[in-house]
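A.B. asks: Pasting run-v6.cif here (mmCIF, C-alpha atoms):
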data_input
#
loop_
_atom_site.group_PDB
_atom_site.id
_atom_site.type_symbol
_atom_site.label_atom_id
_atom_site.label_comp_id
_atom_site.auth_asym_id
_atom_site.auth_seq_id
_atom_site.Cartn_x
_atom_site.Cartn_y
_atom_site.Cartn_z
ATOM 1 C CA ASN A 2 -4.193 -58.784 -111.481
ATOM 2 C CA PHE A 3 -7.547 -60.308 -110.547
ATOM 3 C CA GLY A 4 -6.579 -63.892 -111.210
ATOM 4 C CA ASP A 5 -3.859 -65.708 -113.055
ATOM 5 C CA MET A 6 -1.680 -68.782 -113.200
ATOM 6 C CA LEU A 7 1.699 -68.475 -111.453
ATOM 7 C CA ASN A 8 2.817 -72.110 -111.758
ATOM 8 C CA CYS A 9 1.585 -74.531 -114.397
ATOM 9 C CA PHE A 10 4.265 -76.860 -115.701
ATOM 10 C CA ALA A 11 4.895 -80.464 -116.662
ATOM 11 C CA GLU A 12 7.869 -82.387 -115.273
ATOM 12 C CA HIS A 13 9.541 -85.634 -116.212
ATOM 13 C CA SER A 14 12.374 -87.270 -114.248
ATOM 14 C CA VAL A 15 14.833 -89.951 -115.357
ATOM 15 C CA ALA A 16 17.772 -91.809 -113.771
ATOM 16 C CA ASP A 17 16.103 -92.046 -110.345
ATOM 17 C CA GLY A 18 15.419 -88.310 -110.285
ATOM 18 C CA MET A 19 18.978 -87.297 -111.141
ATOM 19 C CA TRP A 20 17.696 -85.447 -114.235
ATOM 20 C CA THR A 21 14.372 -83.597 -114.386
ATOM 21 C CA ALA A 22 12.973 -81.656 -117.339
ATOM 22 C CA ARG A 23 10.331 -79.012 -116.666
ATOM 23 C CA VAL A 24 8.318 -77.051 -119.241
ATOM 24 C CA GLY A 25 5.700 -74.366 -118.605
ATOM 25 C CA ARG A 26 5.039 -71.401 -116.345
ATOM 26 C CA GLN A 27 7.079 -71.357 -113.149
ATOM 27 C CA GLU A 28 8.345 -69.182 -110.343
ATOM 28 C CA MET A 29 12.093 -69.278 -109.757
ATOM 29 C CA LEU A 30 14.181 -68.536 -106.679
ATOM 30 C CA PHE A 31 17.862 -69.111 -106.164
ATOM 31 C CA GLY A 32 20.336 -68.516 -103.337
ATOM 32 C CA ALA A 33 19.532 -65.588 -101.080
ATOM 33 C CA GLN A 34 17.022 -64.322 -103.696
ATOM 34 C CA ARG A 35 19.056 -61.190 -104.385
ATOM 35 C CA LEU A 36 18.936 -61.710 -108.152
ATOM 36 C CA ILE A 37 16.165 -64.226 -108.902
ATOM 37 C CA SER A 38 13.026 -64.548 -106.778
ATOM 38 C CA PRO A 39 9.236 -64.595 -107.116
ATOM 39 C CA LEU A 40 9.078 -61.310 -105.115
ATOM 40 C CA ASP A 41 7.309 -62.575 -102.001
ATOM 41 C CA TRP A 42 7.181 -59.013 -100.642
ATOM 42 C CA ALA A 43 5.444 -57.437 -103.674
ATOM 43 C CA ASN A 44 1.754 -57.252 -104.567
ATOM 44 C CA THR A 45 2.277 -59.313 -107.740
ATOM 45 C CA ARG A 46 4.582 -62.307 -107.820
ATOM 46 C CA ARG A 47 7.179 -62.663 -110.604
ATOM 47 C CA THR A 48 6.864 -65.660 -112.903
ATOM 48 C CA PHE A 49 8.553 -67.007 -116.036
ATOM 49 C CA GLU A 50 7.557 -69.303 -118.880
ATOM 50 C CA GLY A 51 9.881 -71.735 -120.598
ATOM 51 C CA ALA A 52 12.028 -74.786 -119.989
ATOM 52 C CA MET A 53 14.274 -75.852 -117.120
ATOM 53 C CA LEU A 54 16.624 -78.800 -116.800
ATOM 54 C CA LEU A 55 17.406 -79.819 -113.213
ATOM 55 C CA TYR A 56 20.345 -82.059 -112.281
ATOM 56 C CA GLU A 57 20.983 -83.427 -108.805
ATOM 57 C CA ASP A 58 23.757 -85.839 -107.852
ATOM 58 C CA GLY A 59 25.271 -86.011 -104.386
ATOM 59 C CA PRO A 60 26.515 -82.578 -103.336
ATOM 60 C CA TRP A 61 25.749 -80.960 -106.721
ATOM 61 C CA SER A 62 22.469 -79.409 -107.795
ATOM 62 C CA ILE A 63 22.415 -77.569 -111.145
ATOM 63 C CA ASP A 64 19.409 -75.796 -112.679
ATOM 64 C CA THR A 65 19.706 -74.617 -116.284
ATOM 65 C CA PHE A 66 16.843 -72.563 -117.713
ATOM 66 C CA TYR A 67 15.655 -70.743 -120.826
ATOM 67 C CA THR A 68 12.547 -68.683 -120.152
ATOM 68 C CA ALA A 69 10.694 -65.484 -120.890
ATOM 69 C CA TYR A 70 9.424 -62.979 -118.360
ATOM 70 C CA VAL A 71 5.644 -62.983 -117.804
ATOM 71 C CA PRO A 72 4.569 -59.369 -117.120
ATOM 72 C CA PRO A 73 1.372 -58.959 -115.108
ATOM 73 C CA LEU A 74 -1.623 -57.778 -117.155
ATOM 74 C CA ALA A 75 -4.311 -56.399 -114.836
ATOM 75 C CA ASN A 76 -7.414 -57.324 -116.842
ATOM 76 C CA GLN A 77 -6.152 -60.163 -119.056
ATOM 77 C CA PHE A 78 -4.528 -63.559 -118.747
ATOM 78 C CA ASP A 79 -0.779 -62.972 -118.399
ATOM 79 C CA LYS A 80 1.302 -63.886 -121.468
ATOM 80 C CA ALA A 81 5.029 -64.533 -121.721
ATOM 81 C CA ASP A 82 6.955 -61.701 -123.376
ATOM 82 C CA TRP A 83 9.466 -63.521 -125.585
ATOM 83 C CA GLN A 84 11.087 -60.155 -126.356
ATOM 84 C CA GLN A 85 12.456 -60.431 -122.773
ATOM 85 C CA GLN A 86 14.429 -63.679 -122.690
ATOM 86 C CA PHE A 87 15.867 -64.804 -119.359
ATOM 87 C CA TYR A 88 18.290 -67.745 -119.229
ATOM 88 C CA GLY A 89 21.204 -69.167 -117.320
ATOM 89 C CA SER A 90 22.544 -71.846 -115.040
ATOM 90 C CA TYR A 91 22.654 -71.934 -111.235
ATOM 91 C CA ALA A 92 24.811 -74.536 -109.444
ATOM 92 C CA VAL A 93 24.822 -75.313 -105.711
ATOM 93 C CA TYR A 94 27.567 -77.373 -104.024
ATOM 94 C CA THR A 95 26.957 -78.697 -100.489
ATOM 95 C CA ALA A 96 29.594 -81.412 -99.910
ATOM 96 C CA SER A 97 31.120 -79.700 -96.907
ATOM 97 C CA PRO A 98 28.810 -79.677 -93.861
ATOM 98 C CA ASN A 99 27.668 -76.196 -92.838
ATOM 99 C CA ASN A 100 28.894 -74.729 -96.165
ATOM 100 C CA THR A 101 26.957 -73.897 -99.312
ATOM 101 C CA LEU A 102 28.669 -72.632 -102.451
ATOM 102 C CA ASP A 103 26.594 -71.220 -105.322
ATOM 103 C CA LEU A 104 28.043 -70.545 -108.790
ATOM 104 C CA TYR A 105 25.903 -68.963 -111.493
ATOM 105 C CA TYR A 106 25.560 -67.392 -114.908
ATOM 106 C CA ILE A 107 22.444 -65.346 -115.729
ATOM 107 C CA GLY A 108 21.602 -63.835 -119.098
ATOM 108 C CA TYR A 109 18.841 -61.342 -119.909
ATOM 109 C CA ASP A 110 18.019 -59.983 -123.356
ATOM 110 C CA ASN A 111 15.460 -57.229 -123.870
ATOM 111 C CA ARG A 112 14.760 -56.996 -127.586
ATOM 112 C CA ARG A 113 12.033 -54.416 -127.309
ATOM 113 C CA PRO A 114 13.487 -51.102 -128.493
ATOM 114 C CA GLY A 115 11.614 -48.035 -127.380
ATOM 115 C CA GLU A 116 11.964 -44.398 -126.467
ATOM 116 C CA ILE A 117 12.784 -45.002 -122.806
ATOM 117 C CA VAL A 118 14.601 -48.355 -122.910
ATOM 118 C CA SER A 119 16.756 -49.382 -125.838
ATOM 119 C CA ASP A 120 17.335 -53.065 -126.512
ATOM 120 C CA PHE A 121 20.073 -54.611 -124.395
ATOM 121 C CA SER A 122 21.781 -57.883 -123.518
ATOM 122 C CA LEU A 123 23.249 -58.453 -120.036
ATOM 123 C CA HIS A 124 25.356 -61.343 -118.722
ATOM 124 C CA THR A 125 25.989 -61.816 -114.989
ATOM 125 C CA PHE A 126 28.610 -64.170 -113.525
ATOM 126 C CA GLY A 127 28.666 -64.637 -109.761
ATOM 127 C CA SER A 128 29.091 -66.777 -106.686
ATOM 128 C CA ARG A 129 27.770 -66.981 -103.126
ATOM 129 C CA LEU A 130 29.241 -68.669 -100.050
ATOM 130 C CA PHE A 131 27.117 -69.337 -96.966
ATOM 131 C CA ARG A 132 28.666 -70.843 -93.838
ATOM 132 C CA THR A 133 27.280 -71.782 -90.417
ATOM 133 C CA PHE A 134 29.742 -72.217 -87.552
ATOM 134 C CA GLU A 135 29.277 -74.573 -84.587
ATOM 135 C CA ASN A 136 28.771 -71.684 -82.136
ATOM 136 C CA ASN A 137 25.646 -70.414 -84.042
ATOM 137 C CA TRP A 138 27.513 -67.692 -85.933
ATOM 138 C CA MET A 139 26.858 -67.423 -89.687
ATOM 139 C CA PHE A 140 28.728 -65.839 -92.575
ATOM 140 C CA GLU A 141 27.617 -65.026 -96.109
ATOM 141 C CA THR A 142 29.320 -63.394 -99.043
ATOM 142 C CA GLU A 143 28.126 -62.935 -102.618
ATOM 143 C CA GLY A 144 29.595 -61.112 -105.557
ATOM 144 C CA GLY A 145 29.454 -60.883 -109.293
ATOM 145 C CA VAL A 146 30.241 -59.019 -112.466
ATOM 146 C CA GLN A 147 27.882 -57.992 -115.233
ATOM 147 C CA LEU A 148 28.849 -57.406 -118.841
ATOM 148 C CA GLY A 149 26.727 -56.549 -121.834
ATOM 149 C CA ARG A 150 25.647 -53.992 -124.385
ATOM 150 C CA GLN A 151 22.931 -51.422 -124.883
ATOM 151 C CA SER A 152 22.483 -51.246 -128.653
ATOM 152 C CA GLY A 153 20.256 -48.176 -128.893
ATOM 153 C CA LEU A 154 22.743 -46.059 -126.976
ATOM 154 C CA GLY A 155 25.802 -47.749 -128.466
ATOM 155 C CA LYS A 156 27.227 -48.394 -124.996
ATOM 156 C CA ASP A 157 28.860 -51.371 -123.327
ATOM 157 C CA GLN A 158 27.714 -52.372 -119.855
ATOM 158 C CA ARG A 159 30.175 -53.153 -117.061
ATOM 159 C CA ALA A 160 29.022 -53.446 -113.456
ATOM 160 C CA GLY A 161 29.651 -55.423 -110.307
ATOM 161 C CA PHE A 162 28.330 -56.063 -106.835
ATOM 162 C CA ALA A 163 29.490 -57.525 -103.527
ATOM 163 C CA THR A 164 27.742 -58.403 -100.262
ATOM 164 C CA VAL A 165 29.246 -59.530 -96.964
ATOM 165 C CA GLY A 166 27.146 -60.499 -93.953
ATOM 166 C CA VAL A 167 27.682 -61.800 -90.437
ATOM 167 C CA GLY A 168 24.821 -63.250 -88.420
ATOM 168 C CA ARG A 169 23.993 -65.069 -85.230
ATOM 169 C CA LYS A 170 21.111 -67.458 -84.665
ATOM 170 C CA ALA A 171 19.407 -68.421 -81.415
ATOM 171 C CA PRO A 172 18.170 -72.008 -81.973
ATOM 172 C CA ASP A 173 17.245 -72.507 -78.302
ATOM 173 C CA HIS A 174 14.794 -69.593 -78.323
ATOM 174 C CA GLU A 175 11.134 -70.434 -78.992
ATOM 175 C CA TRP A 176 11.014 -68.292 -82.178
ATOM 176 C CA ARG A 177 14.539 -69.238 -83.394
ATOM 177 C CA PRO A 178 15.472 -65.684 -84.395
ATOM 178 C CA GLU A 179 18.501 -64.658 -86.453
ATOM 179 C CA LEU A 180 20.238 -61.284 -86.341
ATOM 180 C CA TRP A 181 22.302 -60.193 -89.358
ATOM 181 C CA THR A 182 24.419 -57.233 -90.342
ATOM 182 C CA TYR A 183 25.366 -56.713 -93.994
ATOM 183 C CA PHE A 184 27.560 -54.541 -96.153
ATOM 184 C CA ASP A 185 26.373 -54.209 -99.760
ATOM 185 C CA TYR A 186 28.416 -52.672 -102.553
#
As a first step, turn the structure in this file into structure tokens.

C.D. replies:
Amino acid sequence: NFGDMLNCFAEHSVADGMWTARVGRQEMLFGAQRLISPLDWANTRRTFEGAMLLYEDGPWSIDTFYTAYVPPLANQFDKADWQQQFYGSYAVYTASPNNTLDLYYIGYDNRRPGEIVSDFSLHTFGSRLFRTFENNWMFETEGGVQLGRQSGLGKDQRAGFATVGVGRKAPDHEWRPELWTYFDY
């Protein structure tokens, strides 16, 4: 991908920034980036095109989006593939100090039937809790369920995942390292 546009959007805020509407091409990242991220570690970053409504009031931050995946095209300007619709809502609650609670719904429809992949519609419901303790210990857990259908195969989709992690940070060290251990299911 010799050159392209990863972020090009227009934004408008109202009510002292409580509500923001965004339209255009944008990278998205939420939570621990297990499910939605721009893929910082890959050769080509992941981007989406569409609309997002952002709400922020006190401890609540809620992003609701309706987008399409933008697949990388090596020798052309990347175009959104509206046969791959990606939508949902991601809420973050931070009222309690040292605690972050994420609640989310993510939907993905692939309406491009083919020989290898039949069209499908997936819906993921999940949550994530991140906590930092006063003695520099940290705890994280995330889990969710996924439901949907795969029309071409005539099958229903049911899946789930869970992650539990314990970590320790060293804020007094020059590099401020963190050491984590995780169990993923």

A.B. asks: Excluding same-chain residues fewer than 3 positions from A:Asn136, what lies within 9 Å of it counting all atoms listed in the file, as a list in words?

C.D. replies: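 Neighbouring residues, sequence-local ones excluded: Thr133, Met139 and Arg169 of chain A.
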
A.B. asks: List as a ChimeraX atom specification the protein and nucleic acid residues near A:Trp20, meaning an atom at most 8 Å away when only C-alpha atoms are counted, but skip any in the same chain fewer than 2 places from it.

C.D. replies: /A:14-18,22,54-57

A.B. asks: Taking only C-alpha atoms into account, name the residue in A:Phe3, A:Trp176, A:Phe10, A:Phe49 that is nearest to A:Asn76.

C.D. replies: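 Counting only C-alpha atoms, the residue closest to A:Asn76 is A:Phe3.
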
A.B. asks: Once the PyMOL selection byres ((chain A and resi 77-94) around 8) is applied to the coordinates I shared, what remains selected? I want it as a PyMOL selection string.

C.D. replies: chain A and resi 2+4-6+31+49-50+60-76+95-96+101-113

A.B. asks: With only C-alpha atoms as the atoms that count, which of A:Ala52, A:Leu36, A:Ala171, A:Leu180 lies nearest to A:Arg129?

C.D. replies: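 For A:Arg129, the nearest of the candidates is A:Leu36.
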
A.B. asks: Rounded to one decimal place, report the atom CA of A:Glu12-atom CA of A:Leu40 distance in Å.

C.D. replies: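 Taking atom CA of A:Glu12 and atom CA of A:Leu40, their separation equals 23.4 Å.
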
A.B. asks: For the atom pair atom CA of A:Pro39 and atom CA of A:Cys9, what is the interatomic distance in Å to one decimal place?

C.D. replies: 14.5 Å

A.B. asks: Enter the distance from atom CA of A:Trp138 to atom CA of A:Val167, in Å, rounded to one decimal.

C.D. replies: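 Pair atom CA of A:Trp138 / atom CA of A:Val167 returns 7.4 Å.
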
A.B. asks: Which of these residues is nearest to A:Pro178, using only C-alpha atoms: A:Gln34, A:Gln27, A:Asn137, A:Ser97?

C.D. replies: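 With only C-alpha atoms as the atom set, the closest residue is A:Asn137.
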
A.B. asks: Have a look at A:Ala160, A:Val146, A:Ala43, A:Met53 and name the one nearest to A:Val24; count only C-alpha atoms.

C.D. replies: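 Between A:Ala160, A:Val146, A:Ala43, A:Met53, the residue approaching A:Val24 most closely is A:Met53.
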
A.B. asks: Have a look at A:Thr142, A:Gln158, A:Asn99, A:Thr45 and name the one nearest to A:Thr125; count all atoms listed in the file.

C.D. replies: A:Gln158

A.B. asks: Considering only C-alpha atoms, state which residue in the set A:Asn44, A:Asn100, A:Ser152, A:Thr164 is at the smallest distance from A:Gly127.

C.D. replies: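 Checking each candidate against A:Gly127, we get A:Thr164 as the closest.
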